[in-house]
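This report refers to the structure that appears directly beneath it.
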Amino acid sequence: MAKPPLDGLRVIDLTRVLAGPYCAMMLGDMGAEVIKVEEPTQGDDTRDWAPHRGGFSTFFLGLNRSKKSVTLDLKSEAGATRLHQLIATADILIENFRPGSLRKLGFGYDALAERHPRLVYCSITGYGHSGPKKDLPGYDAVIQGECGLMDVTGHPDGPPTRVGVAITDFLAGLYAMNGILLALRDRDRTGRGQHVDIALMDAMTSALALPAGIYFNTGEAPGREGNQHHSLTPYEAIEVRDGLAVVAVGNPRLWSQFCEALDAADLHDHPDYATNTDRMANREALVAELRRRLASFTRDELIGRLRAHNVPCAPVRSISEALEDEHLRAREMVVDIPHDGLGQVRTLGNPINLSRTPAVIDRPPPALGEHNAEILGASDAAPEPDDAAALSVSDRPDRRRRRLD
């Protein structure tokens, strides 16, 4: 069996919560050795986030497979020394501290690049390492609001609405992974690493290409369309007898097939609906007529008819319905991996499918400090004096629970 594509690469993961851990997990799935460095008292913030299963945070379980965990107090001399030793063996470092925070501890990009010129150093922050807002904290909900995403999400007569998942974090994590791989490719040619600067704000703004295109070229900002599309119709969720079904008529051929599936020659031949431009101009009347005709269908009946005519469509499903889909199992997008504390953990797979060197998902999320002995050569049972200083927080009371941010 071929080795995973990133086999032989070592990643130092100093990130917490979502975007960074997601990026590091993707790299780990592809064979990189990911060493998650956590502060000793409670580790990653999300280890304590509800809900829990058997004492383990489900949030942490979903974002931290394919990693090893070590604990270091970076504010102690021994802990900082240990981290420098780890970085000397690494190809990649990922961090999501506020700009300047790691520099104060001696782990800023410039200092590390001088000592380790081949190191690829990736920073993930709310607003990036440059620009007037670089020092502001940024979480997903904040970025969704500020970048305009919420303004185009929701129904026209309702308020701006947050997307139901932390989309800015996931996009930033994916861009971070892409940036790291690009920097590694450049290192292959030049022998030098570089700084990969990823901002949640940039990542989310990049995904607003369609509304931005409308605004840049017309001067008008698109508003909220609910479940409809800014430029196409019918392209929305339609209520049927037992739920909602999404239909996506994206070109003239699909309009013909859609009408054929519904025995709606009168709609197909109607001059008000001849082209997509015509349909958009008369969308309110068209959608009202479709809702009237489809109200008697069950979800499965409508989906069956439309799929028989190759019209893109799907039921609107709950998360539980969606995750039980046999198609996801067939694609290995839902997988089970062994876990010492829980017996088995069900997790999502990796969506990158490589024919020769696929992802390997068989390492569960680690316990806090689980790999201290393996990676640091330290024993939790009886650490040497320097080990104890490195693995535990400073003895000063005011620093025992302080976060590194």
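By convention in this document, the chains of the structure tokens carry letters A, B, ... by their order, each chain's residues are numbered from 1, and ligands are numbered from 1 in the order they are shown.
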
Exercise. What residues in stretch 226-383 of chain A get the DSSP label alpha helix (DSSP H)? Please answer as a ChimeraX atom specification.
Worked result: /A:252-261,265-269,276-281,283-294,299-308,319-323,326-330

Problem set entry | Residue neighbourhood A:Ile238, 10 Å, only C-alpha atoms, exclusion window fewer than 5 positions, as a ChimeraX atom specification | /A:227-228,243-247,287,290-291,294-295,299,315-316

Would you save the residues from that selection as an mmCIF file, in the first residue's frame, using N, CA and C atoms?
data_model
loop_
_atom_site.group_PDB
_atom_site.id
_atom_site.type_symbol
_atom_site.label_atom_id
_atom_site.label_comp_id
_atom_site.auth_asym_id
_atom_site.auth_seq_id
_atom_site.Cartn_x
_atom_site.Cartn_y
_atom_site.Cartn_z
ATOM 1 N N ASN A 227 -34.706 31.154 0.388
ATOM 2 C CA ASN A 227 -34.216 29.928 -0.240
ATOM 3 C C ASN A 227 -34.162 30.035 -1.755
ATOM 4 N N GLN A 228 -34.326 31.240 -2.273
ATOM 5 C CA GLN A 228 -34.263 31.446 -3.711
ATOM 6 C C GLN A 228 -32.866 31.897 -4.128
ATOM 7 N N GLY A 243 -43.045 18.040 3.602
ATOM 8 C CA GLY A 243 -41.748 18.654 3.859
ATOM 9 C C GLY A 243 -41.345 19.625 2.777
ATOM 10 N N LEU A 244 -40.041 19.724 2.575
ATOM 11 C CA LEU A 244 -39.486 20.631 1.578
ATOM 12 C C LEU A 244 -38.595 19.853 0.628
ATOM 13 N N ALA A 245 -38.597 20.283 -0.626
ATOM 14 C CA ALA A 245 -37.696 19.713 -1.623
ATOM 15 C C ALA A 245 -37.011 20.858 -2.356
ATOM 16 N N VAL A 246 -35.727 20.697 -2.617
ATOM 17 C CA VAL A 246 -34.964 21.707 -3.341
ATOM 18 C C VAL A 246 -34.896 21.319 -4.812
ATOM 19 N N VAL A 247 -35.185 22.273 -5.684
ATOM 20 C CA VAL A 247 -35.031 22.069 -7.121
ATOM 21 C C VAL A 247 -34.051 23.116 -7.635
ATOM 22 N N VAL A 287 -43.454 31.048 -9.225
ATOM 23 C CA VAL A 287 -43.274 30.301 -7.982
ATOM 24 C C VAL A 287 -44.614 30.020 -7.316
ATOM 25 N N LEU A 290 -46.099 27.104 -9.164
ATOM 26 C CA LEU A 290 -45.417 25.852 -8.842
ATOM 27 C C LEU A 290 -45.791 25.361 -7.451
ATOM 28 N N ARG A 291 -45.876 26.253 -6.509
ATOM 29 C CA ARG A 291 -46.258 25.849 -5.152
ATOM 30 C C ARG A 291 -47.672 25.275 -5.130
ATOM 31 N N LEU A 294 -47.462 21.728 -6.758
ATOM 32 C CA LEU A 294 -46.648 20.731 -6.057
ATOM 33 C C LEU A 294 -47.124 20.441 -4.643
ATOM 34 N N ALA A 295 -48.096 21.174 -4.159
ATOM 35 C CA ALA A 295 -48.553 21.010 -2.776
ATOM 36 C C ALA A 295 -49.114 19.624 -2.501
ATOM 37 N N ARG A 299 -42.748 14.367 -0.746
ATOM 38 C CA ARG A 299 -41.357 14.670 -1.065
ATOM 39 C C ARG A 299 -40.762 13.611 -1.979
ATOM 40 N N PRO A 315 -34.308 16.174 -1.264
ATOM 41 C CA PRO A 315 -35.132 16.520 -0.104
ATOM 42 C C PRO A 315 -34.360 17.425 0.842
ATOM 43 N N VAL A 316 -35.051 18.290 1.543
ATOM 44 C CA VAL A 316 -34.439 19.046 2.637
ATOM 45 C C VAL A 316 -34.495 18.149 3.870
#

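Proximity ranking of A:His371, A:His52, A:Arg363, A:Arg192 relative to A:Asp91 places A:Arg192 first, based on only C-alpha atoms.
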
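For A:His339, the residues within 8 Å (counting only C-alpha atoms, excluding itself and residues fewer than 3 positions away along the chain) are Leu342, Gly343, Gln344, Val345, Pro364 and Pro365 of chain A.
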
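Note that the spacing between atom CA of A:Ala111 and atom CA of A:Asp135 amounts to 20.0 Å.
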
Problem set entry | Exercise: stretch 54-68 of chain A partners within 9 Å, only C-alpha atoms, chain neighbours under 2 positions left out, as number ranges by chain | A: 17-18, 21-22, 24-37, 44-52, 70, 341-342, 345-348, 360-367, 369-372, 375

Problem set entry | Contacts of A:Gln257 within 12 Å, only C-alpha atoms, excl. fewer than 4 positions in-chain, as a VMD selection string | chain A and resid 247 to 253 261 to 265 267 to 268 305 to 312

The selected residues should be written to file as a JSON list (two decimals), in the first residue's frame (atoms: N, CA and C atoms).
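Okay, this is what ended up in selection03.json:
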[["chain", "number", "residue", "atom", "x", "y", "z"],
["A", 247, "VAL", "N", -35.19, 22.27, -5.68],
["A", 247, "VAL", "CA", -35.03, 22.07, -7.12],
["A", 247, "VAL", "C", -34.05, 23.12, -7.64],
["A", 248, "ALA", "N", -33.26, 22.74, -8.64],
["A", 248, "ALA", "CA", -32.25, 23.64, -9.18],
["A", 248, "ALA", "C", -32.28, 23.58, -10.70],
["A", 249, "VAL", "N", -33.02, 24.50, -11.29],
["A", 249, "VAL", "CA", -33.14, 24.58, -12.74],
["A", 249, "VAL", "C", -32.15, 25.63, -13.21],
["A", 250, "GLY", "N", -30.99, 25.18, -13.66],
["A", 250, "GLY", "CA", -29.90, 26.10, -13.93],
["A", 250, "GLY", "C", -29.64, 26.43, -15.38],
["A", 251, "ASN", "N", -30.40, 25.85, -16.32],
["A", 251, "ASN", "CA", -30.18, 26.18, -17.73],
["A", 251, "ASN", "C", -31.43, 25.83, -18.53],
["A", 252, "PRO", "N", -31.51, 26.23, -19.81],
["A", 252, "PRO", "CA", -32.72, 25.98, -20.61],
["A", 252, "PRO", "C", -33.08, 24.50, -20.73],
["A", 253, "ARG", "N", -32.07, 23.64, -20.86],
["A", 253, "ARG", "CA", -32.36, 22.21, -20.97],
["A", 253, "ARG", "C", -33.06, 21.70, -19.71],
["A", 261, "ALA", "N", -41.16, 16.63, -16.62],
["A", 261, "ALA", "CA", -41.36, 15.78, -15.44],
["A", 261, "ALA", "C", -42.68, 16.07, -14.76],
["A", 262, "LEU", "N", -43.13, 17.32, -14.80],
["A", 262, "LEU", "CA", -44.37, 17.72, -14.12],
["A", 262, "LEU", "C", -45.57, 17.75, -15.06],
["A", 263, "ASP", "N", -45.38, 17.29, -16.31],
["A", 263, "ASP", "CA", -46.46, 17.37, -17.31],
["A", 263, "ASP", "C", -46.98, 18.80, -17.40],
["A", 264, "ALA", "N", -46.04, 19.74, -17.45],
["A", 264, "ALA", "CA", -46.40, 21.16, -17.42],
["A", 264, "ALA", "C", -46.00, 21.84, -18.73],
["A", 265, "ALA", "N", -46.51, 21.30, -19.84],
["A", 265, "ALA", "CA", -46.21, 21.91, -21.14],
["A", 265, "ALA", "C", -46.70, 23.35, -21.20],
["A", 267, "LEU", "N", -46.60, 25.60, -18.89],
["A", 267, "LEU", "CA", -45.59, 26.48, -18.33],
["A", 267, "LEU", "C", -44.40, 26.62, -19.26],
["A", 268, "HIS", "N", -44.00, 25.50, -19.86],
["A", 268, "HIS", "CA", -42.86, 25.53, -20.76],
["A", 268, "HIS", "C", -43.12, 26.44, -21.95],
["A", 305, "ARG", "N", -39.92, 11.82, -9.57],
["A", 305, "ARG", "CA", -40.24, 12.33, -10.91],
["A", 305, "ARG", "C", -39.10, 13.16, -11.49],
["A", 306, "LEU", "N", -38.60, 14.08, -10.70],
["A", 306, "LEU", "CA", -37.57, 14.97, -11.22],
["A", 306, "LEU", "C", -36.27, 14.22, -11.52],
["A", 307, "ARG", "N", -35.90, 13.29, -10.66],
["A", 307, "ARG", "CA", -34.66, 12.55, -10.92],
["A", 307, "ARG", "C", -34.80, 11.64, -12.12],
["A", 308, "ALA", "N", -35.99, 11.16, -12.38],
["A", 308, "ALA", "CA", -36.22, 10.35, -13.58],
["A", 308, "ALA", "C", -35.97, 11.16, -14.85],
["A", 309, "HIS", "N", -36.04, 12.48, -14.73],
["A", 309, "HIS", "CA", -35.78, 13.37, -15.87],
["A", 309, "HIS", "C", -34.47, 14.14, -15.70],
["A", 310, "ASN", "N", -33.61, 13.65, -14.81],
["A", 310, "ASN", "CA", -32.27, 14.22, -14.61],
["A", 310, "ASN", "C", -32.29, 15.69, -14.20],
["A", 311, "VAL", "N", -33.30, 16.07, -13.45],
["A", 311, "VAL", "CA", -33.36, 17.43, -12.91],
["A", 311, "VAL", "C", -32.70, 17.42, -11.52],
["A", 312, "PRO", "N", -31.72, 18.28, -11.28],
["A", 312, "PRO", "CA", -31.10, 18.33, -9.95],
["A", 312, "PRO", "C", -32.13, 18.67, -8.87]]

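With only C-alpha atoms as the basis for measurement, A:Gly106 is the residue among A:Pro358, A:Gly223, A:Glu326, A:Gly106 that approaches A:His84 most closely.
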
For this session: List the neighbours of A:Ala207 out to 10 Å using only C-alpha atoms; skip same-chain residues closer than 4 positions along the sequence, and give me the result as a ChimeraX atom specification.
Result: /A:149,168,171,202-203,211-212

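Atom to atom, atom CA of A:Ile319 and atom CA of A:Val165 stand 11.8 Å apart.
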
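The nearest approach to A:Ile180 among the residues A:Tyr235, A:Tyr121, A:Phe216, A:Tyr139, with only C-alpha atoms taken into account, belongs to A:Tyr121.
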
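Comparing the minimum interatomic distances between A:Ile12 and each of A:Ala113, A:Ala359, A:Leu354, A:Val120, counting only C-alpha atoms, we find that A:Val120 sits nearest.
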